[in-house]
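Text of input_7.cif, listed as mmCIF, C-alpha atoms:
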data_query
loop_
_atom_site.label_atom_id
_atom_site.label_comp_id
_atom_site.auth_asym_id
_atom_site.auth_seq_id
_atom_site.Cartn_x
_atom_site.Cartn_y
_atom_site.Cartn_z
CA MET C 1 -152.87 60.18 -43.74
CA ARG C 2 -150.18 62.18 -45.50
CA GLY C 3 -146.66 61.61 -44.27
CA SER C 4 -146.01 65.25 -43.46
CA ALA C 5 -149.13 65.46 -41.28
CA ARG C 6 -148.18 62.24 -39.52
CA ASP C 7 -144.66 63.54 -38.92
CA ALA C 8 -145.90 66.83 -37.54
CA GLU C 9 -148.40 65.25 -35.15
CA PHE C 10 -146.02 62.53 -34.09
CA SER C 11 -143.26 65.09 -33.46
CA GLU C 12 -145.56 67.09 -31.26
CA TYR C 13 -146.46 63.98 -29.32
CA VAL C 14 -142.82 62.96 -28.87
CA ALA C 15 -141.81 66.44 -27.75
CA GLY C 16 -144.49 66.43 -25.10
CA ARG C 17 -144.44 62.85 -23.89
CA ARG C 18 -141.01 61.36 -24.47
CA ALA C 19 -139.61 62.35 -21.08
CA GLN C 20 -142.37 60.54 -19.22
CA LEU C 21 -142.06 57.51 -21.46
CA ARG C 22 -138.32 57.42 -20.79
CA ARG C 23 -138.84 57.62 -17.05
CA THR C 24 -141.51 54.95 -17.20
CA ALA C 25 -139.12 52.73 -19.12
CA TYR C 26 -136.45 53.39 -16.51
CA LEU C 27 -138.79 52.32 -13.72
CA LEU C 28 -139.67 49.20 -15.69
CA CYS C 29 -136.15 48.05 -16.46
CA GLY C 30 -133.85 49.99 -14.12
CA ASP C 31 -131.17 50.75 -16.70
CA SER C 32 -130.74 53.93 -18.72
CA HIS C 33 -129.52 52.28 -21.90
CA ARG C 34 -132.25 49.69 -21.92
CA ALA C 35 -134.79 52.36 -21.07
CA GLU C 36 -133.74 54.30 -24.16
CA ASP C 37 -134.01 51.13 -26.24
CA LEU C 38 -137.51 50.56 -24.89
CA VAL C 39 -138.57 54.11 -25.70
CA GLN C 40 -137.21 53.89 -29.23
CA THR C 41 -138.96 50.59 -29.84
CA THR C 42 -142.18 52.00 -28.44
CA LEU C 43 -142.07 55.17 -30.50
CA MET C 44 -141.31 53.28 -33.71
CA LYS C 45 -144.45 51.22 -33.21
CA VAL C 46 -146.44 54.30 -32.24
CA TYR C 47 -145.33 55.99 -35.47
CA VAL C 48 -146.40 53.02 -37.59
CA ALA C 49 -149.79 52.79 -35.88
CA TRP C 50 -150.27 56.55 -35.66
CA PRO C 51 -153.30 57.02 -37.99
CA ARG C 52 -155.27 54.29 -36.25
CA ILE C 53 -154.44 55.11 -32.63
CA ARG C 54 -154.92 58.82 -33.23
CA ARG C 55 -158.33 58.12 -34.76
CA ASP C 56 -159.23 55.89 -31.80
CA GLY C 57 -157.91 58.37 -29.26
CA SER C 58 -155.75 55.65 -27.74
CA ILE C 59 -152.23 57.00 -28.24
CA GLU C 60 -151.21 56.97 -24.58
CA ALA C 61 -152.70 53.58 -23.84
CA TYR C 62 -151.13 52.11 -26.95
CA ALA C 63 -147.71 53.50 -26.09
CA ARG C 64 -147.89 52.16 -22.54
CA ARG C 65 -149.05 48.76 -23.74
CA VAL C 66 -146.30 48.51 -26.34
CA MET C 67 -143.69 49.52 -23.80
CA VAL C 68 -144.79 47.05 -21.13
CA ASN C 69 -145.04 44.21 -23.63
CA ALA C 70 -141.66 45.05 -25.13
CA HIS C 71 -140.15 45.04 -21.67
CA VAL C 72 -141.77 41.73 -20.70
CA ASP C 73 -140.61 40.21 -23.99
CA ASP C 74 -137.14 41.53 -23.34
CA THR C 75 -136.99 39.81 -19.99
CA ARG C 76 -137.92 36.51 -21.63
CA ARG C 77 -135.14 36.62 -24.18
CA PRO C 78 -131.42 36.84 -23.64
CA TRP C 79 -131.29 39.75 -26.07
CA ARG C 80 -129.40 42.71 -24.79
CA ARG C 81 -128.95 41.31 -21.35
CA GLU C 82 -126.37 43.12 -19.34
CA ARG C 83 -124.77 42.00 -16.14
CA VAL C 84 -123.07 44.78 -14.32
CA GLY C 85 -120.34 43.91 -11.92
CA VAL C 86 -120.11 47.18 -10.05
CA GLU C 87 -122.78 49.83 -9.92
CA GLY C 88 -122.97 53.41 -8.80
CA LEU C 89 -119.55 54.54 -9.96
CA ASP C 90 -120.65 58.12 -10.41
CA VAL C 91 -124.04 58.34 -8.80
CA GLU C 92 -125.77 61.66 -8.99
CA ALA C 93 -125.43 63.50 -5.70
CA ARG C 94 -127.91 66.34 -6.09
CA VAL C 95 -130.08 65.08 -3.22
CA PRO C 96 -127.74 63.02 -1.05
CA PRO C 97 -130.23 62.15 1.71
CA SER C 98 -132.58 60.33 -0.63
CA ALA C 99 -130.09 58.70 -2.99
CA GLU C 100 -129.89 55.62 -0.82
CA ASP C 101 -133.66 55.40 -0.67
CA ARG C 102 -133.90 55.51 -4.40
CA ASP C 103 -131.20 52.90 -4.89
CA LEU C 104 -132.98 50.63 -2.45
CA LEU C 105 -136.30 51.16 -4.16
CA MET C 106 -134.77 50.42 -7.56
CA ALA C 107 -133.15 47.28 -6.20
CA ALA C 108 -136.45 46.19 -4.67
CA LEU C 109 -138.30 46.87 -7.92
CA ALA C 110 -135.74 44.76 -9.75
CA GLU C 111 -136.71 41.78 -7.62
CA LEU C 112 -140.30 41.89 -8.80
CA PRO C 113 -141.48 39.76 -11.72
CA PRO C 114 -141.91 41.93 -14.85
CA ARG C 115 -145.72 41.95 -14.77
CA GLN C 116 -145.86 42.90 -11.09
CA ARG C 117 -143.34 45.62 -11.69
CA ALA C 118 -145.38 46.95 -14.61
CA THR C 119 -148.49 46.92 -12.45
CA VAL C 120 -146.80 49.02 -9.80
CA VAL C 121 -145.46 51.50 -12.36
CA LEU C 122 -148.78 51.89 -14.13
CA ARG C 123 -150.82 52.15 -10.96
CA HIS C 124 -148.54 54.34 -8.86
CA TYR C 125 -146.35 56.23 -11.32
CA TRP C 126 -148.84 56.76 -14.11
CA GLY C 127 -151.70 56.93 -11.62
CA LEU C 128 -153.94 54.63 -13.64
CA SER C 129 -157.00 53.07 -12.11
CA VAL C 130 -157.28 49.33 -11.61
CA GLU C 131 -159.55 49.15 -14.65
CA GLU C 132 -157.20 51.18 -16.84
CA THR C 133 -154.23 49.10 -15.75
CA ALA C 134 -156.14 45.90 -16.49
CA THR C 135 -156.94 47.18 -19.98
CA ASP C 136 -153.32 48.16 -20.62
CA LEU C 137 -151.98 44.81 -19.49
CA GLY C 138 -154.78 42.74 -21.00
CA VAL C 139 -155.66 41.07 -17.70
CA SER C 140 -158.61 41.11 -15.32
CA THR C 141 -159.07 43.72 -12.63
CA GLY C 142 -158.72 40.96 -10.06
CA THR C 143 -155.31 40.11 -11.44
CA VAL C 144 -154.26 43.74 -11.23
CA LYS C 145 -155.38 43.92 -7.61
CA SER C 146 -153.60 40.76 -6.59
CA GLN C 147 -150.42 41.65 -8.53
CA THR C 148 -150.37 45.10 -6.95
CA SER C 149 -150.93 43.67 -3.52
CA HIS C 150 -148.14 41.11 -3.88
CA ALA C 151 -145.77 43.66 -5.33
CA LEU C 152 -146.32 46.30 -2.66
CA ARG C 153 -146.07 43.73 0.10
CA HIS C 154 -142.73 42.62 -1.26
CA LEU C 155 -141.49 46.19 -1.55
CA GLU C 156 -142.59 46.92 2.00
CA GLN C 157 -140.77 43.84 3.27
CA VAL C 158 -137.56 44.81 1.53
CA LEU C 159 -137.66 48.51 2.35
CA SER C 160 -139.14 48.58 5.84
CA PRO C 161 -136.02 47.46 7.72
CA HIS C 162 -134.08 50.27 6.11
CA TYR C 163 -136.68 52.89 6.93
CA ASP C 164 -137.07 51.59 10.48
CA GLU C 165 -133.33 51.65 11.04
CA ARG C 166 -133.02 55.16 9.70
CA GLN C 167 -135.82 56.38 11.91
CA GLY C 168 -134.19 54.73 14.92
CA ARG C 169 -136.95 52.25 15.53
CA MET F 1 -146.93 53.17 3.11
CA ASN F 2 -150.00 54.65 1.42
CA GLU F 3 -150.65 55.22 -2.29
CA THR F 4 -149.48 58.80 -2.21
CA GLU F 5 -146.19 57.85 -0.62
CA TRP F 6 -145.58 55.15 -3.21
CA ALA F 7 -146.31 57.63 -5.98
CA GLU F 8 -143.90 60.16 -4.47
CA ARG F 9 -141.14 57.59 -4.14
CA LEU F 10 -141.58 56.34 -7.68
CA GLU F 11 -141.67 59.91 -8.93
CA ALA F 12 -138.40 60.68 -7.15
CA LEU F 13 -136.81 57.52 -8.51
CA ALA F 14 -137.94 58.27 -12.07
CA ALA F 15 -136.74 61.86 -11.81
CA ARG F 16 -133.12 60.80 -11.57
CA GLU F 17 -133.34 59.49 -15.10
CA ASP F 18 -132.16 62.25 -17.40
CA ALA F 19 -134.88 62.19 -20.05
CA SER F 20 -134.22 65.60 -21.51
CA ARG F 21 -131.58 64.71 -24.11
CA PHE F 22 -133.35 63.66 -27.29
CA ASP F 23 -133.98 64.82 -30.80
CA VAL F 24 -137.51 64.39 -32.08
CA ARG F 25 -136.16 64.04 -35.61
CA ASP F 26 -134.40 60.82 -34.64
CA ASP F 27 -137.66 59.28 -33.49
CA VAL F 28 -139.40 60.40 -36.67
CA ALA F 29 -136.60 58.91 -38.78
CA ARG F 30 -136.74 55.60 -36.91
CA GLY F 31 -140.53 55.55 -37.24
CA ARG F 32 -140.34 56.18 -40.97
CA ALA F 33 -137.78 53.41 -41.40
CA ARG F 34 -139.97 51.01 -39.47
CA LEU F 35 -143.01 51.97 -41.52
CA LEU F 36 -141.07 51.49 -44.75
CA ARG F 37 -139.88 48.07 -43.62
CA SER F 38 -143.39 47.01 -42.72
CA ARG F 39 -144.71 48.19 -46.09
CA VAL F 40 -141.94 46.43 -47.98
CA GLY F 41 -142.70 43.32 -45.94
CA VAL F 42 -146.37 43.47 -46.86
CA ALA F 43 -145.52 44.14 -50.48
CA GLY F 44 -143.08 41.24 -50.46
CA ALA F 45 -145.76 38.98 -49.05
CA ALA F 46 -148.10 40.15 -51.80
CA VAL F 47 -145.49 39.25 -54.41
CA LEU F 48 -145.05 35.84 -52.79
CA VAL F 49 -148.79 35.19 -52.71
CA GLY F 50 -149.09 36.33 -56.29
CA ALA F 51 -146.26 34.04 -57.30
CA VAL F 52 -147.89 31.10 -55.54
CA VAL F 53 -151.22 31.82 -57.22
CA LEU F 54 -149.49 32.10 -60.56
CA GLY F 55 -147.44 28.99 -59.99
CA THR F 56 -150.50 27.03 -58.90
CA GLY F 57 -152.34 28.24 -61.93
CA LEU F 58 -149.49 27.22 -64.19
CA ALA F 59 -149.21 23.85 -62.56
CA LEU F 60 -152.92 23.20 -62.80
CA GLY F 61 -153.01 24.37 -66.36
CA GLY F 62 -150.06 22.20 -67.29
CA GLY F 63 -151.43 19.24 -65.37
CA GLY F 64 -154.79 19.51 -67.09
CA THR F 65 -153.28 19.00 -70.50
CA GLY F 66 -150.65 16.55 -69.45
CA HIS F 67 -147.82 18.85 -70.56
CA ALA F 68 -145.51 21.05 -68.63
CA ALA F 69 -145.76 24.76 -69.26
CA PRO F 70 -143.27 25.66 -71.97
CA GLY F 71 -141.68 28.64 -70.26
CA PRO F 72 -142.05 31.45 -67.83
CA GLY F 73 -144.83 33.12 -69.81
CA PRO F 74 -148.51 32.52 -69.15
CA ALA F 75 -149.70 29.01 -69.87
CA ASP F 76 -152.59 28.61 -72.24
CA GLY F 77 -154.09 25.76 -70.32
CA GLY F 78 -156.94 27.77 -68.74
CA PRO F 79 -158.08 31.16 -67.65
CA THR F 80 -156.87 30.86 -64.06
CA ALA F 81 -153.27 31.00 -65.16
CA THR F 82 -153.54 34.45 -66.62
CA ALA F 83 -156.59 36.02 -65.03
CA THR F 84 -155.90 35.74 -61.32
CA TYR F 85 -152.48 37.30 -61.09
CA HIS F 86 -151.94 41.03 -61.04
CA GLU F 87 -148.55 42.59 -60.63
CA PRO F 88 -148.55 44.45 -57.28
CA GLN F 89 -147.78 48.13 -57.36
CA VAL F 90 -144.44 47.88 -55.66
CA THR F 91 -141.53 50.21 -56.17
CA LEU F 92 -138.34 49.33 -54.39
CA SER F 93 -135.59 51.88 -54.26
CA PRO F 94 -132.57 50.70 -56.21
CA SER F 95 -130.36 52.16 -53.52
CA ALA F 96 -131.96 50.07 -50.80
CA PRO F 97 -129.43 47.72 -49.26
CA PRO F 98 -129.90 44.08 -50.16
CA PRO F 99 -131.68 42.08 -47.48
CA PRO F 100 -129.37 40.08 -45.26
CA THR F 101 -128.85 36.57 -46.45
CA PRO F 102 -129.85 34.40 -43.53
CA THR F 103 -127.45 31.66 -42.83
CA THR F 104 -128.15 28.84 -40.47
CA PRO F 105 -124.86 27.68 -39.07
CA GLU F 106 -124.49 24.18 -37.84
CA PRO F 107 -124.82 24.11 -34.10
CA ASP F 108 -121.35 23.51 -32.78
CA ALA F 109 -119.79 22.74 -29.46
CA ARG F 110 -118.66 26.29 -28.81
CA ASP F 111 -122.11 27.73 -29.42
CA ALA F 112 -123.67 25.20 -27.07
CA TRP F 113 -121.02 25.88 -24.45
CA LEU F 114 -121.52 29.63 -24.69
CA ARG F 115 -125.26 29.25 -24.23
CA THR F 116 -124.77 26.96 -21.26
CA GLN F 117 -122.50 29.49 -19.61
CA LEU F 118 -124.97 32.30 -20.22
CA ASP F 119 -127.91 30.33 -18.87
CA ARG F 120 -126.23 29.49 -15.60
CA PRO F 121 -127.83 31.22 -12.61
CA TRP F 122 -125.87 34.02 -11.08
CA SER F 123 -126.30 35.94 -7.88
CA GLY F 124 -123.57 38.54 -8.06
CA PRO F 125 -120.59 39.93 -9.96
CA GLN F 126 -118.46 36.92 -9.05
CA ASP F 127 -120.78 34.70 -11.13
CA ILE F 128 -120.56 36.67 -14.35
CA PRO F 129 -119.07 34.26 -16.88
CA PHE F 130 -116.11 34.60 -19.25
CA LYS F 131 -113.96 36.55 -16.81
CA THR F 132 -110.70 35.68 -18.56
CA TRP F 133 -112.14 36.50 -21.96
CA ARG F 134 -113.53 39.80 -20.69
CA ASN F 135 -110.18 40.79 -19.22
CA ASP F 136 -108.40 39.78 -22.43
CA LEU F 137 -110.84 41.87 -24.43
CA TYR F 138 -110.15 44.80 -22.15
CA ARG F 139 -106.40 44.37 -22.64
CA THR F 140 -106.86 44.20 -26.39
CA ALA F 141 -108.90 47.39 -26.41
CA ARG F 142 -106.38 49.12 -24.22
CA SER F 143 -103.46 48.06 -26.40
CA VAL F 144 -105.06 49.74 -29.39
CA LEU F 145 -106.92 52.72 -27.93
CA ASP F 146 -104.98 53.58 -24.79
CA ARG F 147 -101.40 52.35 -24.96
CA ALA F 148 -100.35 54.49 -21.99
CA GLY F 149 -103.08 52.90 -19.91
CA THR F 150 -104.28 56.20 -18.49
CA HIS F 151 -107.83 56.41 -19.81
CA LEU F 152 -109.60 53.08 -20.23
CA THR F 153 -111.02 51.29 -17.20
CA TYR F 154 -113.00 48.15 -16.79
CA SER F 155 -114.25 48.98 -13.34
CA SER F 156 -117.83 48.14 -14.34
CA ALA F 157 -116.64 44.52 -14.73
CA GLY F 158 -119.84 43.71 -16.58
CA LEU F 159 -120.88 41.62 -19.54
CA THR F 160 -123.34 42.37 -22.32
CA SER F 161 -124.81 39.33 -23.96
CA GLY F 162 -127.43 38.28 -26.46
CA SER F 163 -128.39 35.29 -28.53
CA ASP F 164 -130.71 34.13 -31.26
CA GLN F 165 -131.14 30.94 -33.22
CA HIS F 166 -127.98 31.71 -35.20
CA GLY F 167 -125.50 32.44 -32.48
CA VAL F 168 -124.37 34.35 -29.44
CA GLY F 169 -123.09 37.86 -28.87
CA LEU F 170 -120.86 38.99 -26.01
CA GLY F 171 -119.29 42.26 -25.09
CA ILE F 172 -117.97 44.61 -22.44
CA LYS F 173 -118.39 48.28 -21.68
CA LEU F 174 -115.26 50.19 -20.82
CA GLY F 175 -115.08 53.57 -19.17
CA TRP F 176 -112.92 56.37 -20.55
CA ALA F 177 -111.74 59.08 -18.18
CA GLU F 178 -109.68 62.17 -18.81
CA PRO F 179 -107.25 62.55 -15.88
CA GLY F 180 -108.14 65.58 -13.82
CA ALA F 181 -111.47 66.10 -15.57
CA ALA F 182 -114.98 65.15 -14.56
CA GLY F 183 -117.13 62.75 -16.53
CA GLN F 184 -116.80 59.39 -18.17
CA GLY F 185 -117.04 58.24 -21.77
CA MET F 186 -117.69 54.72 -22.94
CA VAL F 187 -116.17 52.27 -25.36
CA GLN F 188 -118.29 49.17 -25.89
CA VAL F 189 -116.74 46.20 -27.66
CA GLU F 190 -118.84 43.28 -28.87
CA VAL F 191 -118.27 40.11 -30.80
CA THR F 192 -121.30 38.30 -32.17
CA SER F 193 -122.27 35.32 -34.27
CA GLU F 194 -125.94 36.28 -34.19
CA GLY F 195 -127.89 36.38 -37.43
CA ASP F 196 -129.37 39.85 -37.52
CA SER F 197 -128.47 42.33 -40.24
CA ASP F 198 -125.60 44.75 -39.82
CA GLN F 199 -128.02 47.66 -39.50
CA GLU F 200 -130.04 45.86 -36.85
CA ARG F 201 -126.87 45.04 -34.96
CA CYS F 202 -125.74 48.67 -34.96
CA ALA F 203 -129.18 49.84 -33.90
CA LEU F 204 -129.29 47.29 -31.08
CA THR F 205 -125.86 48.17 -29.80
CA GLY F 206 -125.79 51.90 -30.31
CA GLY F 207 -129.39 52.95 -30.82
CA PHE F 208 -128.59 54.14 -34.33
CA GLY F 209 -127.67 52.53 -37.62
CA CYS F 210 -124.38 52.30 -39.50
CA PRO F 211 -125.32 53.25 -43.06
CA ARG F 212 -121.90 54.48 -44.19
CA THR F 213 -119.34 52.16 -45.75
CA VAL F 214 -115.67 52.81 -45.13
CA HIS F 215 -112.91 50.85 -46.81
CA VAL F 216 -109.72 50.40 -44.84
CA GLY F 217 -107.22 48.40 -46.81
CA GLU F 218 -109.01 45.23 -47.86
CA ALA F 219 -111.59 45.55 -45.10
CA THR F 220 -115.07 46.98 -45.41
CA LEU F 221 -116.43 48.65 -42.31
CA LYS F 222 -119.95 49.87 -41.56
CA VAL F 223 -119.98 53.18 -39.73
CA GLY F 224 -122.75 55.22 -38.15
CA ASN F 225 -122.93 58.42 -36.16
CA GLY F 226 -125.12 59.10 -33.14
CA ASP F 227 -125.78 62.16 -31.03
CA GLY F 228 -123.18 64.05 -29.10
CA GLY F 229 -120.17 62.60 -30.89
CA ALA F 230 -121.15 58.94 -30.48
CA PHE F 231 -120.26 56.61 -33.34
CA ILE F 232 -120.29 52.92 -34.09
CA VAL F 233 -118.14 50.73 -36.31
CA LEU F 234 -118.97 47.20 -37.42
CA TYR F 235 -116.68 44.73 -39.15
CA ARG F 236 -117.55 41.30 -40.49
CA GLN F 237 -114.62 39.01 -39.87
CA PRO F 238 -113.53 36.41 -42.43
CA ASP F 239 -115.14 33.63 -40.37
CA GLY F 240 -118.53 35.41 -40.41
CA GLU F 241 -118.48 36.67 -36.86
CA ARG F 242 -118.87 40.39 -36.47
CA SER F 243 -117.07 42.74 -34.17
CA VAL F 244 -118.67 46.01 -33.16
CA VAL F 245 -117.19 48.99 -31.34
CA LEU F 246 -119.43 51.73 -29.99
CA VAL F 247 -117.86 54.96 -28.79
CA ASP F 248 -119.94 57.37 -26.73
CA PRO F 249 -118.63 60.46 -24.92
CA LEU F 250 -121.12 59.72 -22.14
CA PHE F 251 -121.08 56.44 -20.20
CA GLY F 252 -124.73 56.78 -19.26
CA ASN F 253 -124.68 53.96 -16.73
CA ASN F 254 -122.02 55.59 -14.66
CA SER F 255 -121.91 59.30 -15.26
CA ARG F 256 -123.94 62.33 -16.16
CA THR F 257 -120.99 64.25 -17.54
CA PRO F 258 -119.64 63.45 -21.00
CA VAL F 259 -115.98 63.64 -21.90
CA ARG F 260 -114.92 65.60 -24.97
CA ALA F 261 -116.18 64.32 -28.33
CA GLY F 262 -113.43 62.66 -30.33
CA PHE F 263 -111.75 61.30 -27.23
CA VAL F 264 -110.89 58.23 -29.26
CA SER F 265 -109.71 58.58 -32.84
CA ARG F 266 -111.69 56.85 -35.53
CA GLN F 267 -108.52 55.40 -37.02
CA ASP F 268 -107.80 53.63 -33.75
CA VAL F 269 -111.36 52.30 -33.61
CA TYR F 270 -111.03 51.07 -37.20
CA ARG F 271 -107.92 49.17 -36.10
CA LEU F 272 -109.55 47.77 -32.99
CA VAL F 273 -112.66 46.50 -34.74
CA ARG F 274 -110.44 44.57 -37.19
CA ASP F 275 -108.11 43.19 -34.55
CA ASP F 276 -107.95 39.42 -34.95
CA ARG F 277 -107.91 38.97 -31.18
CA LEU F 278 -111.61 39.89 -31.17
CA ASP F 279 -113.16 36.46 -31.04
CA LEU F 280 -115.85 34.74 -29.03
CA PRO F 281 -114.62 32.69 -26.05
CA GLN F 282 -113.52 29.13 -26.64
CA PRO F 283 -114.52 26.19 -24.44
CA PRO F 284 -111.77 25.18 -22.02
CA SER F 285 -110.99 21.94 -23.89
CA SER F 286 -110.38 23.56 -27.27
#
For this file, write the structure as structure tokens.
Amino acid sequence: MRGSARDAEFSEYVAGRRAQLRRTAYLLCGDSHRAEDLVQTTLMKVYVAWPRIRRDGSIEAYARRVMVNAHVDDTRRPWRRERVGVEGLDVEARVPPSAEDRDLLMAALAELPPRQRATVVLRHYWGLSVEETATDLGVSTGTVKSQTSHALRHLEQVLSPHYDERQGR
Amino acid sequence: MNETEWAERLEALAAREDASRFDVRDDVARGRARLLRSRVGVAGAAVLVGAVVLGTGLALGGGGTGHAAPGPGPADGGPTATATYHEPQVTLSPSAPPPPTPTTPEPDARDAWLRTQLDRPWSGPQDIPFKTWRNDLYRTARSVLDRAGTHLTYSSAGLTSGSDQHGVGLGIKLGWAEPGAAGQGMVQVEVTSEGDSDQERCALTGGFGCPRTVHVGEATLKVGNGDGGAFIVLYRQPDGERSVVLVDPLFGNNSRTPVRAGFVSRQDVYRLVRDDRLDLPQPPSS
């Protein structure tokens, strides 16, 4: 494949899909800077593999798989780890009523093991089926079901008291 | 909570991530660079394999006659020495930077101590290690970049860290505010003994490389520019450690509003990155 054709097709893909990849990365890692790193790493690999994955019609799946694996690898290594002492110094206030909900959800997501977190993001943010998620993650459908179940149960446990309190229960 | 509600909540959470600021050309450039590196790597492997085949052929040829090959040219001891090796079609740009020379430092007490500190479990901000060092680093940065003490803050109180088989990298992110104005910029200061190349280090820290060389006195600095007025400066200290300063008008962790580009002068950053107070923490006994 000629470089100019690859560049043109890849550019079109990036223009259309980068925002969702960035948001997916943010859900996976919970940090804007690391999310951008993840997206850049993912897109570099997508560019290199472009002729093959375009021919196979697997661009989206490949990008998701690369991103999840890069994130899981990142959590195993001390590379680029950041410990933040104080958070929320200038939190966006466009929708004040739900900001607390979102912070709580992000905090709860952060407590999940990386694979469980990826399962939740792929199933409920990307809207993938159990089978598609299993293919992306390279695991069985049973594993996806059990990981999803464990993850959602944990999220419910963490978030329910807050919701109950807010609703005056 | 049902599946739809989970999807809505995740959607709302993801939507607060500002994903609209990007330049497709940057992704294309990074992709090209990665592709080039992978091709050079494959070509290099081909050269290595070819050299092994040639060397084996020479050795076998020489061994068969009981004499060592007389020189670097093809041996005349048998057809394998000359027939199995073909020069790969590899063209390397003469302007390509030389590959980093990997060095394997002796593991020392400080390195081990740093790793031990980093591996300790932590449950909150009070457990983040190297508090004294982080505060000293903040004071150093302030003494160079913000002598009046009106702009730089270390309210994030965080630590960036990394490690590989060669060493450890540590740093802090400082906020930069303009009194009376909205927004927050960032100055990130790192010191590292890790073994990656200068370009990899800049890309890891800033998301972009530092291809430009700037000479300041006797010092050689690597400099790169990012989007929106961001720039990065890297300096290799005499002892081999590297200090890196990243300046970004937007402190993305803490704000959605950038401060003005050029809020810190490059000359000041060139001074900070060379400041001899930038050093990795020392164990308490040393």
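Distance annotation: of F:Arg16, F:Arg139, F:Arg266, F:Arg110, the residue with the minimal separation from chain C is F:Arg16; atom set is all atoms listed in the file.
Residues matched by the PyMOL selection byres ((chain F and resi 22) around 12) in this file are Ser11, Val14, Ala15, Gly16, Arg17, Arg18, Ala19, Arg22, Glu36, Val39 and Gln40 of chain C; Asp18, Ala19, Ser20, Arg21, Asp23, Val24, Arg25, Asp26, Asp27, Val28, Gly207, Gly226, Asp227 and Gly228 of chain F.
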Distance in Å - CA of Thr4 in chain F versus CA of Val121 in chain C: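 CA of Val121 in chain C lies at a distance of 13.1 Å from CA of Thr4 in chain F.
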Within 10 Å of file point (-139.1, 58.5, -6.2), counting all atoms listed in the file, expressed as a PyMOL selection string: (chain C and resi 27+98-99+101-103+105-106+125) or (chain F and resi 5-16)
One-decimal distance in Å that lies between CA of Leu280 in chain F and CA of Gly169 in chain F: 7.9 Å
CA of Ile59 in chain C to CA of Ala110 in chain C, distance in Å rounded to a single decimal: 27.6 Å
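If you measure from each of C:Ile53, C:Ala63, C:Ala134, C:Leu155 to chain F using only C-alpha atoms, the closest one turns out to be C:Leu155.
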Test item: the PyMOL selection byres ((chain F and resi 205) around 9) resolved as a PyMOL selection string: (chain C and resi 80) or (chain F and resi 188+190+200-204+206-208+232+244-246)
Resolved residues for the PyMOL selection byres ((chain F and resi 171) around 8) as a ChimeraX atom specification: /F:134,159-161,169-170,172-173,188-191
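Neighbouring residues of Glu156 in chain C at 10 Å or closer, counting all atoms listed in the file and skipping chain neighbours under 6 positions away, are Leu105, Ala108, His150 and Tyr163 of chain C; Met1 of chain F.
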Of the listed residues C:Gly138, C:Gly127, C:Pro113, C:Gly57, that which approaches chain F most closely, counting only C-alpha atoms: C:Gly127
Residue with smallest distance to chain F - pool C:Thr41, C:Ala151, C:Glu9, C:His124, counting only C-alpha atoms: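 Distance minimum relative to chain F lands on C:His124.
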Contacts of Asp239 in chain F at 12 Å (only C-alpha atoms; same-chain gap of 3+ positions) as a list in words: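 Returned residues: Pro105, Val191, Thr192, Ser193, Tyr235, Arg236, Arg242, Ser243, Asp276, Leu278, Asp279 and Leu280 of chain F.
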Residue contacts of range 176-185 of chain F (6 Å, all atoms listed in the file) excluding same-chain residues fewer than 2 positions away, as JSON, numbers by chain: {"F": [151, 152, 248, 249, 250, 251, 255, 257, 258, 259]}
Nearest-residue call for Val168 in chain F, choices F:Asp127, F:Asp111, F:Glu218, F:Asp136, using only C-alpha atoms: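 Result for the nearest residue to Val168 in chain F: F:Asp111.
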